[in-house]
Amino acid sequence: MKLYIYTDGASRGNPGKSASCYLIIDDSGKVIAKEVLYNGIKTNNFAEYMAIISALEKVAQLFGYDNEIHITSDSKLAINQINGAYKVKDKYLKELNKKVKELSSKFKSCTFSNDRRENKYISIVDKELNRFLDKNER
């Protein structure tokens with residue numbers, strides 16, 4: 001099965017109240033899963049990585065590892081670190097980067113790309129995150 005994952009992370013304060021969101025879509029365009037997760041007081045980069053990790057774990061839980069995965073995130077930093085174009089200097093991000101690589105290597109194939117918030121699906125996860133954080137700021 002080919003699955004498309006769209007992720008975003010946000011932090012109000014950086015570090016501040018933080019959440020991660022993912023959207024998983026199959027190759028017919030059907031939404032398989034969408035979830036927003038609260039991370040506590042964390043950085044934006046932490047939230048971006050957690051969105052990717054949570055989505056990969058959800059796919060494994062639902063379908064196992066015999067899938068082709070394509071992940072799109074608006075985080076240029078996370079995607080370039082995962083793809084090896086940028087070095088990972090922060091010790092916490094190194095751990096998260098390692099976890100992404102371990103999880104993604106179990107799938108039939110897994111690719112990562114960066115796209116802007118104008119992407120229809122990235123826009124959806126961004127709106128979900130903001131709605132969640134707005135609701136939980138009270």
# chains A, B, ... in the order shown; residues from 1 in each chain; ligands from 1

$ select_by_dssp --residues "chain A" --states "strand (DSSP E)" --output "PyMOL selection string"
chain A and resi 2-12+16-26+31-42+68-73+109-114

$ residues_around --residues "A:Asp8" --least-positions-apart "2" --cutoff "10 Å" --atoms "only C-alpha atoms" --output "number ranges by chain"
A: 6, 10, 19-23, 36, 44-45, 47-52, 72-75, 117, 122-129

$ select_by_dssp --residues "stretch 1-137 of chain A" --states "helix (DSSP H, G or I)" --output "PyMOL selection string"
chain A and resi 44-63+76-82+91-105+120-135

$ closest_residue --among "A:Leu133, A:Ile32, A:Ile41, A:Ile79" --to "A:Asn114" --atoms "only C-alpha atoms"
A:Ile79

$ atom_distance --atom1 "atom CA of A:Lys2" --atom2 "atom CA of A:Ser54"
17.7 Å

$ atom_distance --atom1 "atom CA of A:Phe107" --atom2 "atom CA of A:Tyr121"
22.3 Å

$ closest_residue --among "A:Cys110, A:Ile24, A:Lys42, A:Val88" --to "A:Leu62" --atoms "only C-alpha atoms"
A:Ile24

$ residues_around --residues "A:Asn97" --least-positions-apart "3" --cutoff "9 Å" --atoms "only C-alpha atoms" --output "number ranges by chain"
A: 49, 78, 81-82, 88, 92-94, 100-102

$ write_last_selection --atoms "all heavy atoms" --output "short mmCIF file (atom, residue, chain, number, x, y, z; two decimals), in the first residue's frame"
data_model
loop_
_atom_site.label_atom_id
_atom_site.label_comp_id
_atom_site.auth_asym_id
_atom_site.auth_seq_id
_atom_site.Cartn_x
_atom_site.Cartn_y
_atom_site.Cartn_z
N TYR A 49 9.34 16.95 14.74
CA TYR A 49 9.83 15.56 14.76
C TYR A 49 8.78 14.60 15.34
O TYR A 49 8.58 13.50 14.83
CB TYR A 49 11.12 15.46 15.58
CG TYR A 49 12.38 15.58 14.75
CD1 TYR A 49 13.09 16.76 14.69
CD2 TYR A 49 12.88 14.49 14.04
CE1 TYR A 49 14.26 16.88 13.94
CE2 TYR A 49 14.04 14.58 13.29
CZ TYR A 49 14.73 15.78 13.25
OH TYR A 49 15.88 15.88 12.51
N ALA A 78 13.73 19.84 9.85
CA ALA A 78 13.55 18.42 10.14
C ALA A 78 13.79 17.56 8.89
O ALA A 78 14.51 16.56 8.95
CB ALA A 78 12.16 18.15 10.71
N GLN A 81 17.43 17.52 7.91
CA GLN A 81 18.20 16.71 8.86
C GLN A 81 17.95 15.22 8.62
O GLN A 81 18.90 14.43 8.60
CB GLN A 81 17.84 17.09 10.30
CG GLN A 81 18.42 18.42 10.72
CD GLN A 81 18.06 18.80 12.15
OE1 GLN A 81 17.07 18.33 12.71
NE2 GLN A 81 18.86 19.67 12.74
N ILE A 82 16.71 14.84 8.41
CA ILE A 82 16.39 13.43 8.17
C ILE A 82 17.04 12.95 6.88
O ILE A 82 17.57 11.84 6.82
CB ILE A 82 14.86 13.22 8.14
CG1 ILE A 82 14.27 13.46 9.54
CG2 ILE A 82 14.50 11.84 7.62
CD1 ILE A 82 12.76 13.66 9.57
N VAL A 88 22.69 17.43 12.52
CA VAL A 88 21.85 17.56 13.70
C VAL A 88 22.78 17.85 14.87
O VAL A 88 23.56 17.00 15.26
CB VAL A 88 21.04 16.27 13.98
CG1 VAL A 88 20.07 16.49 15.12
CG2 VAL A 88 20.32 15.79 12.73
N TYR A 92 18.82 16.53 21.78
CA TYR A 92 17.47 15.98 21.80
C TYR A 92 16.97 15.69 20.39
O TYR A 92 16.32 14.67 20.15
CB TYR A 92 16.51 16.92 22.53
CG TYR A 92 16.91 17.15 23.97
CD1 TYR A 92 17.44 18.35 24.38
CD2 TYR A 92 16.80 16.11 24.91
CE1 TYR A 92 17.83 18.56 25.70
CE2 TYR A 92 17.19 16.30 26.22
CZ TYR A 92 17.71 17.53 26.61
OH TYR A 92 18.11 17.71 27.91
N LEU A 93 17.31 16.58 19.47
CA LEU A 93 16.91 16.35 18.07
C LEU A 93 17.67 15.18 17.47
O LEU A 93 17.14 14.45 16.63
CB LEU A 93 17.10 17.60 17.23
CG LEU A 93 16.21 18.79 17.57
CD1 LEU A 93 16.41 19.92 16.56
CD2 LEU A 93 14.74 18.41 17.66
N LYS A 94 18.91 14.96 17.93
CA LYS A 94 19.68 13.79 17.47
C LYS A 94 18.95 12.50 17.81
O LYS A 94 18.87 11.58 17.00
CB LYS A 94 21.08 13.76 18.10
CG LYS A 94 22.09 14.60 17.40
CD LYS A 94 23.47 14.45 18.04
CE LYS A 94 24.42 15.40 17.38
NZ LYS A 94 25.76 15.34 17.94
N VAL A 100 13.41 8.51 13.98
CA VAL A 100 12.76 8.59 12.67
C VAL A 100 13.45 7.65 11.69
O VAL A 100 12.79 6.90 10.96
CB VAL A 100 12.79 10.04 12.11
CG1 VAL A 100 12.39 10.07 10.64
CG2 VAL A 100 11.88 10.94 12.91
N LYS A 101 14.77 7.67 11.67
CA LYS A 101 15.51 6.81 10.74
C LYS A 101 15.30 5.33 11.04
O LYS A 101 15.16 4.52 10.12
CB LYS A 101 16.99 7.19 10.75
CG LYS A 101 17.21 8.53 10.09
CD LYS A 101 18.66 8.92 10.05
CE LYS A 101 18.80 10.25 9.32
NZ LYS A 101 20.18 10.65 9.17
N GLU A 102 15.27 4.97 12.32
CA GLU A 102 15.02 3.57 12.70
C GLU A 102 13.63 3.13 12.25
O GLU A 102 13.46 2.06 11.67
CB GLU A 102 15.16 3.38 14.21
CG GLU A 102 16.59 3.41 14.70
CD GLU A 102 16.71 3.44 16.22
OE1 GLU A 102 15.67 3.44 16.93
OE2 GLU A 102 17.85 3.47 16.72
#

$ atom_distance --atom1 "atom CA of A:Tyr65" --atom2 "atom CA of A:Arg116"
27.8 Å

$ closest_residue --among "A:Ile53, A:Gly13, A:Lys98, A:Lys108" --to "A:Met1" --atoms "only C-alpha atoms"
A:Lys108

$ residues_around --residues "A:Asn136" --least-positions-apart "3" --cutoff "12 Å" --atoms "only C-alpha atoms" --output "list in words"
Arg12, Lys17, Ser18, Ala19, Leu37, Tyr38, Gly40, Leu129, Asn130, Arg131, Phe132 and Leu133 of chain A

$ closest_residue --among "A:Leu103, A:Ile25, A:Leu77, A:Ala33" --to "A:Gly64" --atoms "only C-alpha atoms"
A:Leu103
